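Novice: Coordinates in protein_20.tsv, TSV, C-alpha atoms and all ligand atoms, are listed below.
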chain	number	residue	atom	x	y	z
Y	22	MET	CA	38.72	-72.24	31.02
Y	23	LYS	CA	37.38	-75.17	33.02
Y	24	GLN	CA	35.84	-76.49	29.81
Y	25	VAL	CA	39.22	-77.55	28.44
Y	26	ALA	CA	40.12	-79.24	31.68
Y	27	MET	CA	37.04	-81.43	31.41
Y	28	ASP	CA	38.18	-82.96	28.11
Y	29	ILE	CA	41.24	-84.41	29.73
Y	30	LYS	CA	41.63	-86.63	32.78
Y	31	MET	CA	44.19	-85.70	35.41
Y	32	THR	CA	45.65	-87.48	38.39
Y	33	THR	CA	48.46	-86.89	40.83
Y	34	GLY	CA	48.93	-90.67	40.78
Y	35	SER	CA	50.13	-92.85	37.94
Y	36	THR	CA	47.04	-94.79	36.87
Y	37	PHE	CA	43.30	-94.51	36.33
Y	38	GLU	CA	40.89	-97.15	37.55
Y	39	GLY	CA	39.28	-98.96	34.61
Y	40	TYR	CA	41.77	-97.59	32.08
Y	41	GLU	CA	45.15	-98.61	30.75
Y	42	ILE	CA	47.86	-96.28	29.49
Y	43	VAL	CA	48.63	-97.14	25.89
Y	44	GLU	CA	51.21	-94.44	25.20
Y	45	TYR	CA	53.43	-92.05	27.17
Y	46	LEU	CA	53.71	-88.82	25.20
Y	47	GLY	CA	56.12	-86.93	27.40
Y	48	PHE	CA	56.50	-84.23	30.03
Y	49	VAL	CA	54.14	-81.26	29.83
Y	50	SER	CA	53.87	-78.06	31.84
Y	51	GLY	CA	51.85	-74.89	32.04
Y	52	GLN	CA	52.95	-71.80	33.89
Y	53	ILE	CA	51.82	-68.31	34.75
Y	54	ALA	CA	53.69	-65.47	36.46
Y	55	LEU	CA	52.07	-63.36	39.16
Y	56	GLY	CA	52.91	-59.69	39.52
Y	57	SER	CA	55.93	-59.04	41.73
Y	58	SER	CA	54.20	-56.25	43.65
Y	59	LEU	CA	52.07	-58.81	45.40
Y	60	LEU	CA	55.13	-60.36	46.91
Y	61	SER	CA	56.67	-57.15	48.19
Y	62	ASN	CA	55.83	-57.87	51.78
Y	63	ILE	CA	53.52	-60.75	52.50
Y	64	THR	CA	54.00	-60.50	56.26
Y	65	GLU	CA	52.59	-56.99	56.38
Y	66	MET	CA	49.47	-57.66	54.27
Y	67	THR	CA	46.09	-56.59	55.58
Y	68	ALA	CA	43.28	-59.17	55.75
Y	69	GLN	CA	41.76	-57.65	52.62
Y	70	GLU	CA	45.05	-57.86	50.75
Y	71	SER	CA	45.56	-61.42	51.97
Y	72	THR	CA	42.21	-62.55	50.54
Y	73	THR	CA	43.01	-60.88	47.25
Y	74	PHE	CA	46.34	-62.65	47.21
Y	75	THR	CA	44.74	-66.08	47.89
Y	76	ASN	CA	42.21	-65.48	45.11
Y	77	LYS	CA	44.98	-64.55	42.75
Y	78	LEU	CA	46.91	-67.70	43.63
Y	79	GLN	CA	43.79	-69.80	43.05
Y	80	HIS	CA	43.23	-68.11	39.74
Y	81	ALA	CA	46.88	-68.63	38.82
Y	82	SER	CA	46.64	-72.35	39.64
Y	83	ASP	CA	43.57	-72.72	37.45
Y	84	THR	CA	45.29	-70.94	34.62
Y	85	ALA	CA	48.44	-73.04	34.95
Y	86	LEU	CA	46.39	-76.28	34.93
Y	87	ASP	CA	44.44	-75.03	31.96
Y	88	LYS	CA	47.65	-74.35	30.08
Y	89	LEU	CA	48.88	-77.79	31.06
Y	90	CYS	CA	45.78	-79.39	29.58
Y	91	LYS	CA	46.04	-77.41	26.37
Y	92	ALA	CA	49.68	-78.47	25.99
Y	93	ALA	CA	48.76	-82.11	26.57
Y	94	LEU	CA	45.84	-81.97	24.12
Y	95	LYS	CA	48.19	-80.54	21.51
Y	96	MET	CA	50.37	-83.64	21.91
Y	97	GLY	CA	47.38	-85.87	21.30
Y	98	ALA	CA	46.95	-86.89	24.92
Y	99	ASN	CA	43.65	-87.61	26.62
Y	100	ALA	CA	45.05	-87.71	30.15
Y	101	ILE	CA	47.87	-86.47	32.36
Y	102	VAL	CA	49.44	-88.50	35.13
Y	103	GLY	CA	51.70	-87.32	37.96
Y	104	VAL	CA	50.18	-83.85	37.98
Y	105	ALA	CA	51.98	-81.46	40.35
Y	106	LEU	CA	51.44	-77.80	41.14
Y	107	ASN	CA	54.35	-75.67	42.31
Y	108	TYR	CA	55.05	-72.06	43.10
Y	109	THR	CA	58.29	-70.86	41.70
Y	110	GLU	CA	60.24	-67.70	41.98
Y	111	PHE	CA	61.00	-66.23	38.64
Y	112	ALA	CA	63.60	-63.58	37.85
Y	113	SER	CA	63.23	-60.16	39.48
Y	114	SER	CA	61.45	-61.55	42.55
Y	115	SER	CA	58.20	-62.32	40.79
Y	116	ILE	CA	56.34	-65.49	41.76
Y	117	GLY	CA	54.76	-67.94	39.35
Y	118	THR	CA	52.65	-71.08	39.31
Y	119	VAL	CA	53.82	-74.13	37.39
Y	120	ALA	CA	51.65	-77.14	36.66
Y	121	SER	CA	53.42	-80.18	35.29
Y	122	GLY	CA	52.83	-83.81	34.52
Y	123	THR	CA	53.21	-86.58	31.94
Y	124	ALA	CA	50.89	-86.58	28.97
Y	125	VAL	CA	49.48	-90.03	28.20
Y	126	ARG	CA	46.93	-91.72	26.02
Y	127	LEU	CA	44.41	-93.88	27.86
Y	128	ARG	CA	42.18	-96.66	26.69
Y	129	GLN	CA	39.12	-97.71	28.64
Y	130	LEU	CA	39.34	-101.33	29.69
Y	131	GLU	CA	36.46	-103.47	28.52
Y	132	LYS	CA	34.34	-104.37	31.46
Y	133	LYS	CA	33.80	-108.10	31.35
Y	134	GLU	CA	30.14	-108.96	31.40
Y	135	ALA	CA	29.26	-110.68	34.68
Y	136	ILE	CA	28.23	-114.33	34.29
Y	137	THR	CA	25.24	-115.16	36.46
Y	138	ASN	CA	22.89	-118.03	37.21
Y	139	ARG	CA	20.03	-118.65	39.60
Y	140	LEU	CA	18.93	-122.10	40.71
Y	141	TYR	CA	16.00	-123.21	42.78
Y	142	VAL	CA	17.10	-125.35	45.69
Y	143	SER	CA	15.62	-128.81	45.06
Y	144	ASN	CA	15.58	-130.08	48.62
Y	145	TYR	CA	13.70	-128.79	51.63
Y	146	TYR	CA	13.22	-129.04	55.37
Y	147	THR	CA	9.82	-129.45	56.95
Y	148	ARG	CA	10.79	-128.04	60.32
Y	149	MET	CA	10.82	-124.32	60.90
Y	150	ILE	CA	14.51	-123.76	60.44
Y	151	PRO	CA	15.83	-121.20	57.95
Y	152	ARG	CA	14.93	-122.93	54.70
Y	153	PRO	CA	17.21	-122.66	51.64
Y	154	VAL	CA	15.16	-121.78	48.57
Y	155	GLN	CA	17.46	-120.33	45.94
Y	156	VAL	CA	21.15	-120.29	45.02
Y	157	ARG	CA	22.62	-117.37	43.11
Y	158	LEU	CA	25.96	-117.49	41.32
Y	159	GLU	CA	27.93	-114.66	39.83
Y	160	SER	CA	31.35	-114.27	38.29
Y	161	GLU	CA	33.24	-111.08	37.80
Y	162	GLU	CA	36.77	-110.84	36.46
Y	163	GLY	CA	37.18	-114.60	36.94
Y	164	VAL	CA	36.16	-114.59	40.61
Y	165	VAL	CA	33.17	-116.85	41.22
Y	166	LYS	CA	30.80	-115.89	44.00
Y	167	ILE	CA	27.83	-117.66	45.53
Y	168	ALA	CA	24.84	-116.66	47.65
Y	169	THR	CA	21.91	-118.64	49.02
Y	170	ASP	CA	18.54	-117.19	49.94
Y	171	PHE	CA	16.61	-118.62	52.87
Y	172	TYR	CA	12.99	-118.46	53.98
Y	173	ASN	CA	12.76	-117.34	57.56
Y	174	TYR	CA	9.19	-118.29	58.56
Y	175	ASN	CA	9.90	-117.63	62.23
Y	176	MET	CA	11.13	-114.12	61.53
Y	177	ASP	CA	14.11	-114.98	63.72
Y	178	GLU	CA	17.01	-112.63	63.83
Y	179	VAL	CA	19.19	-114.94	61.72
Y	180	LYS	CA	22.78	-113.72	61.84
Y	181	ALA	CA	24.58	-116.48	59.93
Y	182	ILE	CA	23.97	-119.86	58.34
Y	183	ARG	CA	26.63	-122.49	57.63
Y	184	ALA	CA	25.67	-124.86	54.83
Y	185	ASP	CA	26.98	-127.26	52.19
Y	186	VAL	CA	25.91	-126.52	48.65
Y	187	ALA	CA	25.84	-129.41	46.16
Y	188	LEU	CA	25.72	-128.32	42.54
Y	189	THR	CA	25.05	-130.62	39.59
Y	190	ASN	CA	25.77	-129.74	35.97
Y	191	PHE	CA	24.11	-130.86	32.73
Y	192	TYR	CA	26.45	-133.87	32.54
Y	193	ASP	CA	25.38	-134.97	36.03
Y	194	GLU	CA	28.78	-134.08	37.45
Y	195	LYS	CA	28.56	-132.95	41.05
Y	196	VAL	CA	30.53	-130.36	43.01
Y	197	VAL	CA	30.02	-129.93	46.75
Y	198	LEU	CA	31.02	-126.63	48.32
Y	199	GLN	CA	31.37	-127.39	52.00
Y	200	GLY	CA	30.84	-125.22	55.04
Y	201	LEU	CA	29.90	-121.99	53.30
Y	202	ASP	CA	29.12	-119.19	55.75
Y	203	PHE	CA	26.26	-117.03	54.63
Y	204	VAL	CA	25.47	-113.69	56.23
Y	205	PHE	CA	22.73	-111.21	55.43
Y	206	ALA	CA	22.34	-107.49	54.99
Y	207	LYS	CA	18.91	-107.67	56.67
Y	208	ASN	CA	18.29	-110.50	59.09
Y	209	ASN	CA	14.79	-110.40	60.55
Y	210	ILE	CA	12.74	-110.55	57.38
Y	211	THR	CA	10.92	-113.42	55.66
Y	212	LEU	CA	13.29	-113.81	52.74
Y	213	LEU	CA	16.91	-113.71	53.85
Y	214	GLU	CA	19.13	-112.73	50.95
Y	215	ALA	CA	22.74	-113.68	51.58
Y	216	ASP	CA	25.68	-111.54	50.59
Y	217	PHE	CA	27.86	-113.00	47.85
Y	218	ILE	CA	30.91	-114.92	49.03
Y	219	GLU	CA	33.81	-116.24	46.96
Y	220	CYS	CA	33.78	-119.94	46.18
Y	221	LYS	CA	35.92	-122.54	44.48
Y	222	LEU	CA	33.96	-123.14	41.33
Y	223	GLU	CA	35.22	-122.75	37.80
Y	224	GLU	CA	33.64	-119.84	35.96
Y	225	LYS	CA	32.71	-122.00	32.99
Y	226	TYR	CA	30.44	-124.15	35.16
Y	227	ILE	CA	28.13	-121.33	36.18
Y	228	LYS	CA	25.99	-121.60	33.06
Y	229	MET	CA	26.20	-125.41	33.02
Y	230	LEU	CA	24.43	-125.99	36.32
Y	231	LYS	CA	21.00	-127.54	36.49
Y	232	ASP	CA	20.47	-128.36	40.14
Y	233	ALA	CA	21.35	-127.12	43.62
Y	234	LYS	CA	20.85	-128.84	46.94
Y	235	VAL	CA	21.63	-127.09	50.20
Y	236	THR	CA	22.24	-128.83	53.52
Y	237	VAL	CA	22.15	-126.59	56.58
Y	238	GLN	CA	24.75	-127.49	59.23
Y	239	LYS	CA	24.13	-124.82	61.80
Y	240	TYR	CA	22.79	-121.34	62.14
Y	241	VAL	CA	22.99	-118.42	64.52
Y	242	THR	CA	20.02	-116.39	65.73
Y	243	GLY	CA	19.69	-113.79	68.47
Y	244	LYS	CA	19.02	-116.72	70.83
Y	245	GLY	CA	22.21	-118.67	70.12
Y	246	VAL	CA	23.74	-121.28	67.85
Y	247	PHE	CA	21.54	-124.10	66.58
Y	248	MET	CA	22.75	-127.34	65.01
Y	249	CYS	CA	20.75	-128.89	62.22
Y	250	THR	CA	20.88	-132.65	61.89
Y	251	ASP	CA	17.64	-133.01	59.89
Y	252	THR	CA	17.92	-134.83	56.59
Y	253	PRO	CA	16.42	-132.68	53.88
Y	254	ILE	CA	13.78	-134.12	51.55
Y	255	ASN	CA	14.37	-134.08	47.80
Y	256	VAL	CA	11.75	-132.48	45.58
Y	257	SER	CA	9.82	-135.03	43.54
Y	258	LEU	CA	8.52	-132.73	40.79
Y	259	SER	CA	10.08	-132.54	37.32
Y	260	PRO	CA	12.23	-129.42	36.81
Y	261	GLN	CA	9.56	-127.87	34.56
Y	262	SER	CA	6.71	-128.48	37.01
Y	263	PHE	CA	8.90	-127.30	39.88
Y	264	ALA	CA	9.69	-124.03	38.12
Y	265	ALA	CA	6.01	-123.55	37.25
Y	266	LEU	CA	5.01	-124.24	40.86
Y	267	LYS	CA	7.49	-121.63	42.15
Y	268	LYS	CA	6.21	-119.08	39.69
Y	269	LYS	CA	2.63	-119.63	40.74
Y	270	ARG	CA	2.99	-120.34	44.47
Y	271	GLY	CA	6.12	-118.50	45.54
Y	272	LEU	CA	9.81	-119.13	46.10
Y	273	ASP	CA	9.14	-121.31	49.14
Y	274	ALA	CA	6.87	-123.78	47.28
Y	275	PHE	CA	8.35	-127.28	47.01
Y	276	GLU	CA	5.47	-129.71	46.59
Y	277	LYS	CA	2.04	-129.88	45.02
Y	278	PHE	CA	-0.94	-129.91	47.35
Y	279	LYS	CA	-1.97	-133.47	48.22
Y	280	SER	CA	-4.63	-134.78	50.54
Y	281	ASP	CA	-5.32	-138.36	51.61
Y	282	GLY	CA	-8.13	-137.76	54.06
Y	283	SER	CA	-6.04	-137.95	57.23
Y	284	THR	CA	-3.25	-135.52	56.26
Y	285	TRP	CA	-2.60	-132.85	53.66
Y	286	THR	CA	0.68	-131.78	52.13
Y	287	CYS	CA	1.13	-128.05	51.83
Y	288	ASN	CA	2.92	-126.29	48.93
Y	289	CYS	CA	5.76	-125.68	51.39
Y	290	GLY	CA	6.16	-129.45	51.78
Y	291	HIS	CA	4.94	-129.63	55.35
Y	292	ILE	CA	2.46	-132.40	56.10
Y	293	ASN	CA	-0.45	-131.17	58.22
Y	294	GLY	CA	-3.12	-133.11	60.08
Y	295	ALA	CA	-6.61	-133.24	58.52
Y	296	GLY	CA	-7.97	-130.96	61.24
Y	297	ALA	CA	-5.52	-128.16	60.55
Y	298	GLU	CA	-7.12	-125.33	58.59
Y	299	GLU	CA	-3.81	-123.72	57.87
Y	300	CYS	CA	-0.25	-124.98	57.49
Y	301	SER	CA	1.70	-124.70	60.73
Y	302	VAL	CA	4.87	-123.70	58.87
Y	303	CYS	CA	3.84	-121.24	56.15
Y	304	GLN	CA	0.23	-120.46	57.15
Y	305	ARG	CA	-1.19	-121.32	53.71
Y	306	LYS	CA	-4.88	-122.22	54.11
Y	307	GLU	CA	-6.00	-125.69	53.11
Y	308	LYS	CA	-9.18	-124.42	51.47
Y	309	ASP	CA	-7.18	-122.09	49.19
Y	310	LEU	CA	-5.00	-124.96	48.04
Y	311	LYS	CA	-7.86	-127.46	47.82
Y	312	SER	CA	-10.21	-125.46	45.63
Y	313	ASN	CA	-8.26	-126.19	42.46
Y	314	THR	CA	-7.83	-129.87	43.01
Y	315	SER	CA	-11.34	-131.19	43.59
Y	316	PHE	CA	-11.83	-131.82	39.88
Y	317	ASP	CA	-10.60	-135.17	38.53
Y	318	HIS	CA	-8.57	-133.92	35.62
Y	319	GLU	CA	-6.90	-137.29	35.05
Y	320	ALA	CA	-10.20	-138.78	33.88
Y	321	MET	CA	-10.76	-135.87	31.53
Y	322	LEU	CA	-7.24	-136.21	30.12
Y	323	ASP	CA	-7.72	-139.95	29.59
Y	324	LYS	CA	-10.81	-139.24	27.54
Y	325	MET	CA	-9.01	-136.52	25.57
Y	326	LYS	CA	-6.19	-138.92	24.74
Y	327	THR	CA	-8.65	-141.12	22.81
Y	328	LYS	CA	-9.51	-138.23	20.48
Y	329	LYS	CA	-7.87	-137.72	17.10
Y	330	ASN	CA	-7.93	-133.94	16.81
Y	331	VAL	CA	-8.20	-130.78	18.88
Y	332	THR	CA	-11.79	-130.09	17.80
Y	333	GLU	CA	-12.92	-133.33	19.47
Y	334	MET	CA	-10.71	-132.65	22.49
Y	335	LYS	CA	-12.36	-129.29	22.93
Y	336	ASP	CA	-15.74	-131.04	23.08
Y	337	VAL	CA	-14.42	-133.11	26.02
Y	338	LEU	CA	-13.27	-129.95	27.77
Y	339	MET	CA	-16.67	-128.32	27.25
Y	340	GLU	CA	-18.42	-131.34	28.80
Y	341	ASN	CA	-16.34	-130.81	31.96
Y	342	ILE	CA	-15.95	-127.06	32.00
Y	343	LYS	CA	-18.53	-126.35	34.73
Y	344	GLN	CA	-16.73	-128.55	37.24
Y	345	ILE	CA	-13.37	-126.92	36.63
Y	346	ASP	CA	-12.23	-124.13	38.87
Y	347	ALA	CA	-13.17	-120.78	37.34
Y	348	GLY	CA	-9.60	-119.55	37.63
Y	349	LEU	CA	-8.39	-122.27	35.28
Y	350	ARG	CA	-11.13	-122.16	32.65
Y	351	MET	CA	-9.70	-119.25	30.66
Y	352	GLU	CA	-6.26	-120.81	30.60
Y	353	LEU	CA	-7.63	-124.12	29.31
Y	354	LEU	CA	-9.82	-122.47	26.67
Y	355	GLU	CA	-6.87	-120.44	25.44
Y	356	ILE	CA	-4.80	-123.60	25.04
Y	357	MET	CA	-7.61	-125.11	22.94
Y	358	GLU	CA	-8.13	-122.01	20.81
Y	359	SER	CA	-4.47	-121.55	19.94
Y	360	ALA	CA	-4.12	-125.30	19.23
Y	361	LEU	CA	-7.12	-125.10	16.87
Y	362	GLN	CA	-5.37	-122.31	15.00
Y	363	TYR	CA	-2.05	-124.17	14.80
Y	364	GLU	CA	-3.77	-127.41	13.76
Y	365	LYS	CA	-4.66	-125.82	10.42
Y	366	THR	CA	-1.04	-125.14	9.49
Y	367	ARG	CA	1.12	-127.47	11.57
Y	368	GLY	CA	-0.93	-130.64	11.66
Y	369	ASP	CA	-1.47	-132.83	14.74
Y	370	MET	CA	-1.48	-130.79	17.94
Y	371	THR	CA	-3.10	-133.36	20.26
Y	372	ALA	CA	0.10	-134.33	22.13
Y	373	THR	CA	0.94	-130.66	22.74
Y	374	VAL	CA	-2.54	-129.99	24.10
Y	375	ILE	CA	-2.33	-132.95	26.52
Y	376	GLU	CA	1.06	-131.76	27.75
Y	377	LYS	CA	-0.13	-128.18	28.29
Y	378	ILE	CA	-3.28	-129.23	30.12
Y	379	GLU	CA	-1.24	-131.54	32.35
Y	380	GLN	CA	0.96	-128.57	33.22
Y	381	VAL	CA	-2.04	-126.43	34.16
Y	382	PHE	CA	-3.26	-129.06	36.63
Y	383	ASP	CA	0.24	-129.98	37.77
Y	384	VAL	CA	0.81	-126.57	39.15
Y	385	ASN	CA	-2.58	-125.93	40.63
Y	401	ZN	ZN	3.01	-124.74	54.35
Can you dump the structure from the file as structure tokens?
Specialist:
Amino acid sequence: MKQVAMDIKMTTGSTFEGYEIVEYLGFVSGQIALGSSLLSNITEMTAQESTTFTNKLQHASDTALDKLCKAALKMGANAIVGVALNYTEFASSSIGTVASGTAVRLRQLEKKEAITNRLYVSNYYTRMIPRPVQVRLESEEGVVKIATDFYNYNMDEVKAIRADVALTNFYDEKVVLQGLDFVFAKNNITLLEADFIECKLEEKYIKMLKDAKVTVQKYVTGKGVFMCTDTPINVSLSPQSFAALKKKRGLDAFEKFKSDGSTWTCNCGHINGAGAEECSVCQRKEKDLKSNTSFDHEAMLDKMKTKKNVTEMKDVLMENIKQIDAGLRMELLEIMESALQYEKTRGDMTATVIEKIEQVFDVN
């Protein structure tokens, strides 16, 4: 009996979420009469009789609803709106249950695919304030929402961050969303992921964005409100190298490791004194970052650039291979091997090889 009821949707209201009514088919009802003996004297029923009566009423309701569904199905409906259940007195003092409603045909509304984008923030702060690292955009049903994720090196209990978000599209057109208030589901963890908030950005721009810069105005921690007047530093890497660096070194990486003898620049962008073994902001260790950079790859690349084919370039790599960090050797050899294969069918691969090798060293 319940089986039939499952094929058809019912509501006491007039609509169904996510559906639209395409046709009203008309009033439907289903009824069932209960024996009159039951009604003889309700007030003098024993507890046992009362339970039996309740069960019978329940059963009668089910049957009436089932009949209602069958009637609606017969009309070609797939749903009933305005469903009501009533007890009615029939002739000769017998009681009955009547289920009624309006038979309709529903159509499921197409759920619009959400439009999303994710951009690395291309500016950074070197002080230990909550550091914006990533902007997420999402649009649903025409409403555009934005969220920014922050690195919380201090593990402060960050409650809210007010920031301006500057977005640039492929045509170099800029939109600045000012004073956005970001809050977080969890607020004393390293990566603070903001909740989405609505913003004034046209939906069509979401997929056209290439850059995001975030300027923190102020933020609230368990200790109070803090203003931020620091000027953020813009990332100097190309978008490709920047993305590769993030992939290899983490979401909070903004710069390549550099050392000039008296200071060293950490992947997080912070400049540390030569004596510092680890970065005072992110705790990356200098020796971990340094190990990949001792080799002078520029000289090797210059020599490779004088060669006319990949076979000769591979010879240059093999001359240097022992000085190259072990972690990079496989990657470089793979580049050479696949280029040697392609060279047979596609012709000159030397420029591609140079570019790929530059990328390997760029990131490391
Ligand atoms: Zn660092």
Novice: Using all atoms listed in the file, determine which residues fall within 8 Å of ligand ZN 401 (chain Y), then list them as a CSV table (one decimal) with C-alpha atoms, in the coordinates of the input.
Specialist:
chain,number,residue,atom,x,y,z
Y,286,THR,CA,0.7,-131.8,52.1
Y,287,CYS,CA,1.1,-128.0,51.8
Y,288,ASN,CA,2.9,-126.3,48.9
Y,289,CYS,CA,5.8,-125.7,51.4
Y,290,GLY,CA,6.2,-129.4,51.8
Y,291,HIS,CA,4.9,-129.6,55.4
Y,292,ILE,CA,2.5,-132.4,56.1
Y,299,GLU,CA,-3.8,-123.7,57.9
Y,300,CYS,CA,-0.2,-125.0,57.5
Y,301,SER,CA,1.7,-124.7,60.7
Y,302,VAL,CA,4.9,-123.7,58.9
Y,303,CYS,CA,3.8,-121.2,56.2
Y,304,GLN,CA,0.2,-120.5,57.2
Y,305,ARG,CA,-1.2,-121.3,53.7
Novice: Using all atoms listed in the file for the distances, tell me which of Y:Thr242, Y:Ser143, Y:Thr252, Y:Gln362 is nearest to Y:Gln155.
Specialist: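 Using all atoms listed in the file, the shortest distance to Y:Gln155 belongs to Y:Ser143.
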Novice: For the point (23.6, -120.7, 46.0) in the file's frame, write as a PDB file with C-alpha atoms, in the coordinates of the input all residues with an atom no more than 6 Å away, counting all atoms listed in the file.
Specialist:
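Dumped everything to part39.pdb:
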ATOM      1  CA  VAL Y 156      21.150-120.290  45.020  1.00  0.00           C
ATOM      2  CA  ARG Y 157      22.620-117.370  43.110  1.00  0.00           C
ATOM      3  CA  ILE Y 167      27.830-117.660  45.530  1.00  0.00           C
ATOM      4  CA  ALA Y 168      24.840-116.660  47.650  1.00  0.00           C
ATOM      5  CA  THR Y 169      21.910-118.640  49.020  1.00  0.00           C
TER       6      THR Y 169
END
Novice: Using all atoms listed in the file, which protein or nucleic acid residues come within 9 Å of stretch 265-275 of chain Y? Drop anything in the same chain fewer than 4 positions from it, and give the result as a VMD selection string.
Specialist: chain Y and resid 141 143 to 145 152 to 155 171 to 172 256 to 258 260 to 261 287 to 290 303 380 383 to 385
Novice: Using atom CA of Y:Val374 and atom CA of Y:Phe278 as the two end points, give the distance in Å to one decimal.
Specialist: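 Taking atom CA of Y:Val374 as the start and atom CA of Y:Phe278 as the end point, the length is 23.3 Å.
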Novice: So that I can check the surroundings of stretch 174-177 of chain Y, please list as an mmCIF file with C-alpha atoms, in the frame of the given file every protein, DNA and RNA residue that reaches within 9 Å of it, counting all atoms listed in the file and ignoring chain neighbours fewer than 5 positions away.
Specialist:
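Heads up, here's the output in around30.cif:
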data_model
loop_
_atom_site.group_PDB
_atom_site.id
_atom_site.type_symbol
_atom_site.label_atom_id
_atom_site.label_comp_id
_atom_site.auth_asym_id
_atom_site.auth_seq_id
_atom_site.Cartn_x
_atom_site.Cartn_y
_atom_site.Cartn_z
ATOM 1 C CA MET Y 149 10.820 -124.320 60.900
ATOM 2 C CA ILE Y 150 14.510 -123.760 60.440
ATOM 3 C CA PRO Y 151 15.830 -121.200 57.950
ATOM 4 C CA ARG Y 152 14.930 -122.930 54.700
ATOM 5 C CA ASN Y 208 18.290 -110.500 59.090
ATOM 6 C CA ASN Y 209 14.790 -110.400 60.550
ATOM 7 C CA ILE Y 210 12.740 -110.550 57.380
ATOM 8 C CA THR Y 211 10.920 -113.420 55.660
ATOM 9 C CA LEU Y 212 13.290 -113.810 52.740
ATOM 10 C CA THR Y 242 20.020 -116.390 65.730
ATOM 11 C CA GLY Y 243 19.690 -113.790 68.470
ATOM 12 C CA LYS Y 244 19.020 -116.720 70.830
ATOM 13 C CA VAL Y 302 4.870 -123.700 58.870
ATOM 14 C CA CYS Y 303 3.840 -121.240 56.150
#
Novice: For a test of reading the model, state the distance in Å between atom CA of Y:Ala233 and atom CA of Y:Asp185, rounded to one decimal.
Specialist: 10.3 Å
Novice: Show me, as a ChimeraX atom specification, the residues that have an atom within 12 Å of Y:Lys77 when counting all atoms listed in the file, minus same-chain residues fewer than 3 positions from it.
Specialist: /Y:53-56,59-60,70-74,80-84,116-118
Novice: In Å, rounded to a single decimal, give me how far atom CA of Y:Ser121 is from atom CA of Y:Gly103.
Specialist: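 Going from atom CA of Y:Gly103 over to atom CA of Y:Ser121 covers 7.8 Å.
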Novice: Ranking Y:Thr332, Y:Phe382, Y:Glu223, Y:Lys166 by minimum distance to Y:Arg350 and counting only C-alpha atoms, which one comes first?
Specialist: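 So, comparing all the options, the nearest one is Y:Phe382.
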Novice: Which residue gives the smallest distance to Y:Thr327 among Y:Ile375, Y:Ser283, Y:Val179, Y:Gly200, with all atoms listed in the file counted?
Specialist: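 Counting all atoms listed in the file, the residue closest to Y:Thr327 is Y:Ile375.
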